[in-house]
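Peer 1: Quick one: structure below, then a few questions.
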Amino acid sequence: MTTSTGVRPGSTSQSHNRQMRFKRRTAASDTMAIVAVVSIAIAVALFLATGGPRQFGTVAASVTSLGIIAGLIGTDLVLIMLVLAARIPFIDHTVGNDRAMALHRKLGKPALYLLLGHGVVLLIGYALAAKVDPVAEVGAMWALPDLPLAFVALGLFLVVVVTSVVAVRRRFPYEFWHVIHLLSYFAVLFALPHELSEGGVLAEGSAERVYWIALYVVAFGAIAVFRFGEPLVKSLRHDIRVAAIEVVGPNVVSLHLSGRHLESLRSSGGQFFIWRFWTGKTWWHSHPISMSSIPTGSEVRITVRALGNGSTRLGMLPVGTRVWIEGPYGLFTDAARTAPKLAIVAAGIGITPVRALLEDSRLAPDEATIMLRASSESDRYLWDEMQQLADRSGAALYTAVGARPAGVDTWLSERDLARGVSLRSAFPDLLVSDLYVCGPQSWTDLVVEDARAAGLPAHQIHTERFDW
Amino acid sequence: MRTRVVVGSVLASAAVLGIAWGIGSASPTITGTSTTGKLTDGTYAGSSVQTRFGTVQVQITVSSGKITDVTALHLTDAEQRSVDISNQAAPILRSEVLAAQSASVNVVSGATYTTEGYLTSLQAALDKASA
């Protein structure tokens, strides 16, 4: 035992702290999952509590009841999707916005099917009750108060989901898809009047109505605060400008940005911001980019490689350009660690969050092992800085330059693969390590696949995605 | 951890649904002011009640101090669907009122507006009859 005061890196008490933090995060994410499921149960309960059990007497009534339930669940799912997309800090700290968005995407189709089903099933139910055919019932339905608006809402949902299906989404530029996606706010709002006026479930003066409106307030409130309000306030307050641009490699530049009170953004190494550069050609496109060093009070640096048209222009930004931010986001940080050792694998421009993570970590000697990959000599961005940070913290750093072999699914270079290098041989302590992976998506997936095959539990694998 | 989520979700959801089922199965009533006063024989038209689906007005017939008939003078008619709903609900409401001899009867599910209008108008007619 040592007699030092405070928490030493790699000490038992630090490991204990990590375990506690991990337990708290898990408890919080489990609670959120339960709350989400229960909200679906409550949606059904609203119908049951307003005489639902007595509304299955006839075939027509049963069909109508099912239609109403589908609408309630579908709308609840859509509101959950809004909350997941609101970038609420608590959700980001607990599971990460990337996982929240993965769930958001998964819910899109079920929500749409439920809402379409809601429309069709109710049409059939009403037609059965009125003893006319469903097509004739469309006209009668259209005449109900607030129903035309609800039909518009359904149409908008359809457009939003169809344009978000991967195959369709690829055909459009990101901005076009994004504008279409904003229509979902209107879809949710346009659906509200008919929910409140039709049927008795959300009748005036009922507790059910209060609960339902509260859901809307929470969902739209979260969006308004965290997607619009907070980023705007931060952007104005910190007044970030482009201070200098430094060429790091072919097509790769570091942007040095200056601002006020940047320490109060409370960002951690490994996190990213979504940046918006206010020039005539770039303002309409925002970029999620990791910090490549931890900010001082007045300076922050990001390093970016030209990937799309928008990021190509970033190397030509005039000094003094105003920069707006959303963030910081991401769980690719020291706070997410759960294991005693640290293993880092980065490729190409994926080095940037890893560089800041290393800078922000207090490490014991031999705690960390780092492997850097580059396809060619010219892709070794910031490797000199990584070497310095590794030396400073007593970390082992390995490098591997060379392209991946054609036709083989591997994250290794052709030479390393031939030598029999694997994740286990590169990181002998892998199973007691937190593995941080950042690089191109397909490459990252292969590293994660290897790690899982080696028996590394999911909570010890940390990746950062930029495809959202 | 996943088991915890599944078990927690299932238990909490079952509790919520169970409670709602209980509430929903119990018969809700719209309670009119009690009609303790003796009803005078005759025919009384209730007030004309505006709902968002149209006007509702009923008329009662009292003989030997009992309600012997309820006639709908006007029912919700905003569009065909309101007419359908009212036509379905009115006979149910009529028989329930005749059985209960008051405006304290079950809401007809799916016909909330009709029921409320019907019973409000009915109560006004009862008030006239007992005045």
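FYI, nothing fancy with the structure tokens labels: chains A, B, ... in order, residues from 1 per chain, ligands from 1 as they appear.
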Do you know which residues are at most 8 Å from Leu372 in chain A counting only C-alpha atoms, after dropping those on the same chain fewer than 5 positions away, and could you put them as a list in words?
Peer 2: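 Counting only the stated atoms, we get Val345, Ala346, Ala347, Ile351, Leu397, Tyr398, Thr399 and Ala400 of chain A.
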Peer 1: Within 7 Å of chain A, which residues belong to chain B? Use only C-alpha atoms and report them as a ChimeraX atom specification.
Peer 2: /B:5,8-9,12-13,16-17,20-21,23-25,80-81,84,109-110,112
Peer 1: I need the residues from that last selection saved to file as a tab-separated table (two decimals), in the first residue's frame (with N, CA, C and O atoms), if you can.
Peer 2:
chain	number	residue	atom	x	y	z
B	5	VAL	N	-33.89	-4.96	-17.03
B	5	VAL	CA	-34.75	-4.11	-17.87
B	5	VAL	C	-36.03	-4.86	-18.23
B	5	VAL	O	-37.14	-4.32	-18.11
B	8	GLY	N	-38.20	-5.49	-15.04
B	8	GLY	CA	-38.73	-4.20	-14.58
B	8	GLY	C	-39.82	-3.69	-15.50
B	8	GLY	O	-40.88	-3.26	-15.06
B	9	SER	N	-39.56	-3.76	-16.82
B	9	SER	CA	-40.54	-3.26	-17.79
B	9	SER	C	-41.83	-4.06	-17.73
B	9	SER	O	-42.93	-3.49	-17.72
B	12	ALA	N	-43.72	-3.35	-14.31
B	12	ALA	CA	-44.28	-2.00	-14.25
B	12	ALA	C	-45.42	-1.84	-15.25
B	12	ALA	O	-46.46	-1.27	-14.94
B	13	SER	N	-45.22	-2.39	-16.46
B	13	SER	CA	-46.27	-2.28	-17.48
B	13	SER	C	-47.52	-3.03	-17.06
B	13	SER	O	-48.65	-2.53	-17.22
B	16	VAL	N	-49.39	-1.00	-14.52
B	16	VAL	CA	-50.09	0.13	-15.14
B	16	VAL	C	-51.35	-0.34	-15.87
B	16	VAL	O	-52.43	0.23	-15.72
B	17	LEU	N	-51.18	-1.41	-16.67
B	17	LEU	CA	-52.32	-1.90	-17.45
B	17	LEU	C	-53.40	-2.46	-16.54
B	17	LEU	O	-54.60	-2.26	-16.80
B	20	ALA	N	-55.32	0.38	-14.97
B	20	ALA	CA	-56.17	1.03	-15.97
B	20	ALA	C	-57.38	0.16	-16.30
B	20	ALA	O	-58.50	0.66	-16.46
B	21	TRP	N	-57.14	-1.15	-16.39
B	21	TRP	CA	-58.23	-2.08	-16.67
B	21	TRP	C	-59.30	-1.98	-15.58
B	21	TRP	O	-60.50	-1.94	-15.86
B	23	ILE	N	-59.88	0.56	-13.53
B	23	ILE	CA	-60.59	1.84	-13.62
B	23	ILE	C	-61.60	1.81	-14.76
B	23	ILE	O	-62.75	2.23	-14.62
B	24	GLY	N	-61.14	1.28	-15.90
B	24	GLY	CA	-61.98	1.30	-17.10
B	24	GLY	C	-63.18	0.37	-17.01
B	24	GLY	O	-64.21	0.62	-17.62
B	25	SER	N	-63.03	-0.74	-16.23
B	25	SER	CA	-64.14	-1.69	-16.13
B	25	SER	C	-65.23	-1.19	-15.19
B	25	SER	O	-66.40	-1.50	-15.36
B	80	GLN	N	-72.35	12.73	-40.97
B	80	GLN	CA	-72.97	11.41	-40.95
B	80	GLN	C	-72.53	10.58	-39.75
B	80	GLN	O	-73.31	9.90	-39.11
B	81	ARG	N	-71.23	10.67	-39.41
B	81	ARG	CA	-70.71	9.84	-38.33
B	81	ARG	C	-71.36	10.20	-36.99
B	81	ARG	O	-71.68	9.33	-36.19
B	84	ASP	N	-74.74	8.67	-36.91
B	84	ASP	CA	-74.65	7.23	-36.63
B	84	ASP	C	-74.44	6.98	-35.15
B	84	ASP	O	-75.10	6.13	-34.55
B	109	SER	N	-69.97	4.35	-24.23
B	109	SER	CA	-68.61	4.45	-24.76
B	109	SER	C	-68.65	4.78	-26.25
B	109	SER	O	-69.50	4.30	-26.98
B	110	GLY	N	-67.75	5.65	-26.66
B	110	GLY	CA	-67.68	6.05	-28.06
B	110	GLY	C	-68.69	7.14	-28.40
B	110	GLY	O	-68.74	7.61	-29.53
B	112	THR	N	-69.28	10.01	-26.18
B	112	THR	CA	-69.11	10.88	-25.03
B	112	THR	C	-69.92	12.17	-25.15
B	112	THR	O	-70.63	12.57	-24.23
Peer 1: Neighbours of range 95-97 of chain A within 9 Å (only C-alpha atoms; same-chain residues fewer than 3 positions away dropped), as a list in words?
Peer 2: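 Returned residues: Arg25, Thr26, Ala28, Ser29, Leu84, Ala85, Arg87, Ile88, Pro89, Phe90, Ile91, Asp92, Ala100, Met101, Ala102, Tyr329, Gly330, Leu331 and Phe332 of chain A.
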Peer 1: Store the residues picked out above in a file with C-alpha atoms, as an mmCIF file, in the first residue's frame.
Peer 2:
data_model
loop_
_atom_site.group_PDB
_atom_site.id
_atom_site.type_symbol
_atom_site.label_atom_id
_atom_site.label_comp_id
_atom_site.auth_asym_id
_atom_site.auth_seq_id
_atom_site.Cartn_x
_atom_site.Cartn_y
_atom_site.Cartn_z
ATOM 1 C CA ARG A 25 -24.538 4.664 -15.776
ATOM 2 C CA THR A 26 -25.961 1.183 -16.232
ATOM 3 C CA ALA A 28 -29.558 5.095 -15.339
ATOM 4 C CA SER A 29 -29.719 3.586 -18.821
ATOM 5 C CA LEU A 84 -33.852 10.497 -28.342
ATOM 6 C CA ALA A 85 -32.961 13.017 -31.036
ATOM 7 C CA ARG A 87 -29.314 15.458 -27.642
ATOM 8 C CA ILE A 88 -30.218 15.702 -23.964
ATOM 9 C CA PRO A 89 -26.925 15.844 -21.996
ATOM 10 C CA PHE A 90 -28.116 13.229 -19.506
ATOM 11 C CA ILE A 91 -28.772 10.735 -22.307
ATOM 12 C CA ASP A 92 -25.427 11.514 -23.938
ATOM 13 C CA ALA A 100 -29.650 7.026 -28.702
ATOM 14 C CA MET A 101 -29.776 7.822 -32.426
ATOM 15 C CA ALA A 102 -29.352 4.152 -33.348
ATOM 16 C CA TYR A 329 -21.059 15.373 -27.194
ATOM 17 C CA GLY A 330 -19.778 11.828 -26.914
ATOM 18 C CA LEU A 331 -18.815 9.131 -24.463
ATOM 19 C CA PHE A 332 -15.423 8.484 -26.081
#
Peer 1: Skipping near chain neighbours, those fewer than 6 positions away, what residues fall within 12 Å of Thr120 in chain B using only C-alpha atoms, listed as a list in words?
Peer 2: Ile30, Thr31, Gly32, Thr33, Ala45, Gly46, Ser47, Ser48, Val49, Gln50, Thr51, Thr55, Val56, Gln57, Val58, Gln59, Ser102, Ala103, Ser104, Val105, Tyr113, Thr114, Leu126 and Asp127 of chain B
Peer 1: Restricting the calculation to only C-alpha atoms, which member of A:Thr12, A:Thr352, A:Thr321, A:Ser393 is positioned closest to Asp366 in chain A?
Peer 2: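 Looking only at the distances to Asp366 in chain A, the closest residue turns out to be A:Ser393.
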Peer 1: Counting only C-alpha atoms, what is within 7 Å of range 116-119 of chain A, bar same-chain residues fewer than 6 positions away, as an NGL selection string?
Peer 2: :A and (67-68 or 70-71)
Peer 1: DSSP says helix (DSSP H, G or I) for which residues of range 51-103 of chain B? Put them as a list in words?
Peer 2: Gln80, Arg81, Ser82, Val83, Asp84, Ile85, Ser86, Asn87, Gln88, Ala89, Ala90, Pro91, Ile92, Leu93, Arg94, Ser95, Glu96, Val97, Leu98, Ala99 and Ala100 of chain B
Peer 1: May I have the selected residues written with all heavy atoms, as a short mmCIF file (atom, residue, chain, number, x, y, z; two decimals), in the first residue's frame?
Peer 2:
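Writing the result to again.cif gives the following:
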data_model
loop_
_atom_site.label_atom_id
_atom_site.label_comp_id
_atom_site.auth_asym_id
_atom_site.auth_seq_id
_atom_site.Cartn_x
_atom_site.Cartn_y
_atom_site.Cartn_z
N GLN B 80 -72.35 12.73 -40.97
CA GLN B 80 -72.97 11.41 -40.95
C GLN B 80 -72.53 10.58 -39.75
O GLN B 80 -73.31 9.90 -39.11
CB GLN B 80 -72.66 10.68 -42.26
CG GLN B 80 -73.41 9.35 -42.43
CD GLN B 80 -74.91 9.52 -42.24
OE1 GLN B 80 -75.51 10.47 -42.73
NE2 GLN B 80 -75.54 8.61 -41.50
N ARG B 81 -71.23 10.67 -39.41
CA ARG B 81 -70.71 9.84 -38.33
C ARG B 81 -71.36 10.20 -36.99
O ARG B 81 -71.68 9.33 -36.19
CB ARG B 81 -69.19 9.98 -38.24
CG ARG B 81 -68.65 9.05 -37.21
CD ARG B 81 -67.18 8.78 -37.31
NE ARG B 81 -66.78 8.17 -36.06
CZ ARG B 81 -67.15 6.95 -35.69
NH1 ARG B 81 -67.90 6.21 -36.48
NH2 ARG B 81 -66.79 6.47 -34.53
N SER B 82 -71.60 11.52 -36.76
CA SER B 82 -72.25 11.93 -35.52
C SER B 82 -73.67 11.39 -35.46
O SER B 82 -74.14 10.96 -34.41
CB SER B 82 -72.32 13.46 -35.45
OG SER B 82 -71.04 13.99 -35.40
N VAL B 83 -74.36 11.41 -36.61
CA VAL B 83 -75.72 10.89 -36.67
C VAL B 83 -75.72 9.41 -36.31
O VAL B 83 -76.51 8.95 -35.50
CB VAL B 83 -76.33 11.11 -38.07
CG1 VAL B 83 -77.70 10.47 -38.17
CG2 VAL B 83 -76.40 12.61 -38.38
N ASP B 84 -74.74 8.67 -36.91
CA ASP B 84 -74.65 7.23 -36.63
C ASP B 84 -74.44 6.98 -35.15
O ASP B 84 -75.10 6.13 -34.55
CB ASP B 84 -73.47 6.61 -37.40
CG ASP B 84 -73.70 6.67 -38.91
OD1 ASP B 84 -74.88 6.83 -39.30
OD2 ASP B 84 -72.73 6.54 -39.67
N ILE B 85 -73.48 7.72 -34.58
CA ILE B 85 -73.16 7.52 -33.17
C ILE B 85 -74.37 7.82 -32.30
O ILE B 85 -74.74 7.04 -31.42
CB ILE B 85 -71.96 8.41 -32.76
CG1 ILE B 85 -70.68 7.90 -33.42
CG2 ILE B 85 -71.81 8.44 -31.25
CD1 ILE B 85 -69.46 8.75 -33.16
N SER B 86 -75.04 8.93 -32.57
CA SER B 86 -76.20 9.32 -31.76
C SER B 86 -77.33 8.32 -31.88
O SER B 86 -77.96 7.96 -30.90
CB SER B 86 -76.69 10.71 -32.18
OG SER B 86 -75.85 11.69 -31.68
N ASN B 87 -77.56 7.86 -33.11
CA ASN B 87 -78.65 6.91 -33.30
C ASN B 87 -78.39 5.62 -32.54
O ASN B 87 -79.33 4.94 -32.13
CB ASN B 87 -78.84 6.61 -34.79
CG ASN B 87 -79.49 7.79 -35.49
OD1 ASN B 87 -80.06 8.68 -34.83
ND2 ASN B 87 -79.38 7.82 -36.81
N GLN B 88 -77.10 5.29 -32.39
CA GLN B 88 -76.75 4.08 -31.66
C GLN B 88 -76.89 4.31 -30.16
O GLN B 88 -77.35 3.45 -29.42
CB GLN B 88 -75.29 3.74 -32.01
CG GLN B 88 -74.99 2.26 -31.93
CD GLN B 88 -73.52 2.01 -32.22
OE1 GLN B 88 -72.76 2.93 -32.59
NE2 GLN B 88 -73.08 0.78 -32.04
N ALA B 89 -76.47 5.51 -29.72
CA ALA B 89 -76.40 5.78 -28.28
C ALA B 89 -77.76 6.10 -27.67
O ALA B 89 -78.03 5.73 -26.53
CB ALA B 89 -75.42 6.92 -28.02
N ALA B 90 -78.61 6.81 -28.42
CA ALA B 90 -79.87 7.30 -27.86
C ALA B 90 -80.75 6.20 -27.26
O ALA B 90 -81.22 6.35 -26.13
CB ALA B 90 -80.63 8.10 -28.90
N PRO B 91 -80.96 5.08 -27.96
CA PRO B 91 -81.81 4.03 -27.35
C PRO B 91 -81.20 3.48 -26.06
O PRO B 91 -81.94 3.18 -25.11
CB PRO B 91 -81.84 2.93 -28.42
CG PRO B 91 -81.42 3.59 -29.69
CD PRO B 91 -80.53 4.73 -29.32
N ILE B 92 -79.87 3.35 -26.04
CA ILE B 92 -79.21 2.84 -24.83
C ILE B 92 -79.44 3.81 -23.68
O ILE B 92 -79.83 3.41 -22.57
CB ILE B 92 -77.69 2.68 -25.07
CG1 ILE B 92 -77.44 1.73 -26.25
CG2 ILE B 92 -76.99 2.18 -23.81
CD1 ILE B 92 -75.99 1.65 -26.69
N LEU B 93 -79.24 5.09 -23.95
CA LEU B 93 -79.41 6.10 -22.91
C LEU B 93 -80.87 6.12 -22.42
O LEU B 93 -81.12 6.21 -21.23
CB LEU B 93 -79.00 7.48 -23.45
CG LEU B 93 -77.48 7.68 -23.63
CD1 LEU B 93 -77.18 8.90 -24.49
CD2 LEU B 93 -76.79 7.81 -22.28
N ARG B 94 -81.77 6.01 -23.37
CA ARG B 94 -83.20 6.05 -23.01
C ARG B 94 -83.52 4.93 -22.03
O ARG B 94 -84.12 5.15 -20.97
CB ARG B 94 -84.05 5.91 -24.28
CG ARG B 94 -85.55 5.88 -24.00
CD ARG B 94 -86.36 5.75 -25.28
NE ARG B 94 -87.78 5.59 -24.97
CZ ARG B 94 -88.35 4.43 -24.72
NH1 ARG B 94 -87.62 3.32 -24.73
NH2 ARG B 94 -89.64 4.37 -24.43
N SER B 95 -83.09 3.69 -22.36
CA SER B 95 -83.46 2.57 -21.49
C SER B 95 -82.75 2.68 -20.14
O SER B 95 -83.32 2.31 -19.11
CB SER B 95 -83.15 1.24 -22.17
OG SER B 95 -81.80 1.20 -22.55
N GLU B 96 -81.53 3.21 -20.13
CA GLU B 96 -80.84 3.35 -18.85
C GLU B 96 -81.52 4.39 -17.97
O GLU B 96 -81.64 4.21 -16.75
CB GLU B 96 -79.36 3.74 -19.08
CG GLU B 96 -78.56 2.59 -19.70
CD GLU B 96 -77.07 2.71 -19.42
OE1 GLU B 96 -76.70 3.50 -18.53
OE2 GLU B 96 -76.30 1.99 -20.08
N VAL B 97 -81.95 5.49 -18.60
CA VAL B 97 -82.63 6.54 -17.84
C VAL B 97 -83.95 6.01 -17.27
O VAL B 97 -84.28 6.24 -16.10
CB VAL B 97 -82.87 7.79 -18.72
CG1 VAL B 97 -83.84 8.75 -18.03
CG2 VAL B 97 -81.56 8.48 -19.04
N LEU B 98 -84.68 5.26 -18.07
CA LEU B 98 -85.97 4.73 -17.61
C LEU B 98 -85.75 3.77 -16.43
O LEU B 98 -86.53 3.73 -15.48
CB LEU B 98 -86.70 4.03 -18.74
CG LEU B 98 -87.19 4.95 -19.87
CD1 LEU B 98 -87.94 4.16 -20.94
CD2 LEU B 98 -88.07 6.07 -19.31
N ALA B 99 -84.64 3.02 -16.50
CA ALA B 99 -84.35 2.07 -15.42
C ALA B 99 -83.90 2.82 -14.17
O ALA B 99 -84.31 2.49 -13.05
CB ALA B 99 -83.27 1.10 -15.87
N ALA B 100 -83.04 3.85 -14.36
CA ALA B 100 -82.47 4.55 -13.19
C ALA B 100 -83.42 5.62 -12.66
O ALA B 100 -83.30 6.03 -11.51
CB ALA B 100 -81.13 5.19 -13.58
#
Peer 1: Within 6 Å of Ile302 in chain A, counting only C-alpha atoms, which residues qualify if same-chain residues fewer than 4 places away don't, as a PDB file with N, CA and C atoms, in the first residue's frame?
Peer 2:
ATOM      1  N   SER A 254      -5.461  21.467 -39.571  1.00  0.00           N
ATOM      2  CA  SER A 254      -5.875  21.756 -38.214  1.00  0.00           C
ATOM      3  C   SER A 254      -6.419  23.170 -38.193  1.00  0.00           C
ATOM      4  N   LEU A 255      -7.631  23.340 -37.606  1.00  0.00           N
ATOM      5  CA  LEU A 255      -8.183  24.678 -37.434  1.00  0.00           C
ATOM      6  C   LEU A 255      -7.947  25.084 -35.986  1.00  0.00           C
ATOM      7  N   MET A 291     -12.437  17.376 -31.158  1.00  0.00           N
ATOM      8  CA  MET A 291     -11.289  18.219 -30.812  1.00  0.00           C
ATOM      9  C   MET A 291     -10.046  17.355 -30.893  1.00  0.00           C
ATOM     10  N   SER A 292      -8.961  17.917 -31.421  1.00  0.00           N
ATOM     11  CA  SER A 292      -7.730  17.134 -31.488  1.00  0.00           C
ATOM     12  C   SER A 292      -6.779  17.498 -30.365  1.00  0.00           C
TER      13      SER A 292
END
Peer 1: Taking 3 positions as the minimum chain separation for residues in the same chain, which residues sit within 9 Å of Leu257 in chain A when counting only C-alpha atoms? Answer as a VMD selection string.
Peer 2: chain A and resid 240 to 245 298 to 302 323
Peer 1: Looking at only C-alpha atoms, which of B:Tyr118, B:Thr76, B:Ser63, B:Ala26 is the one that sits closest to Asp41 in chain B?
Peer 2: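 Of B:Tyr118, B:Thr76, B:Ser63, B:Ala26, the one nearest Asp41 in chain B is B:Ser63, counting only C-alpha atoms.
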Peer 1: So which one's closest to Ala72 in chain B, B:Gln101, B:Ala111, B:Phe53, B:Leu122? Using only C-alpha atoms, please.
Peer 2: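 Selected residue with least distance to Ala72 in chain B: B:Leu122.
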Peer 1: Please indicate the distance in Å from CA of Leu147 in chain A to CA of Leu215 in chain A, rounded to one decimal place.
Peer 2: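 So the answer is 21.2 Å.
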Peer 1: Using Å and a single decimal, report how far CA of Met371 in chain A sits from CA of Gly315 in chain A.
Peer 2: 28.0 Å
Peer 1: When you count only C-alpha atoms, which of these residues is closest to Arg52 in chain B: A:Leu114, A:Arg99, A:Met20, A:Asp146?
Peer 2: A:Asp146
Peer 1: Please report the interatomic distance between CA of Tyr381 in chain A and CA of Ser422 in chain A in Å with one decimal.
Peer 2: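 We find that CA of Tyr381 in chain A and CA of Ser422 in chain A lie 23.4 Å from each other.
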Peer 1: Could you pull out the residues in chain B that DSSP calls strand (DSSP E or B) from the backbone, as JSON, numbers by chain?
Peer 2: {"B": [29, 30, 42, 43, 44, 45, 49, 50, 51, 54, 55, 56, 57, 58, 59, 60, 61, 62, 63, 66, 67, 68, 69, 70, 71, 72, 73, 74, 105, 106]}
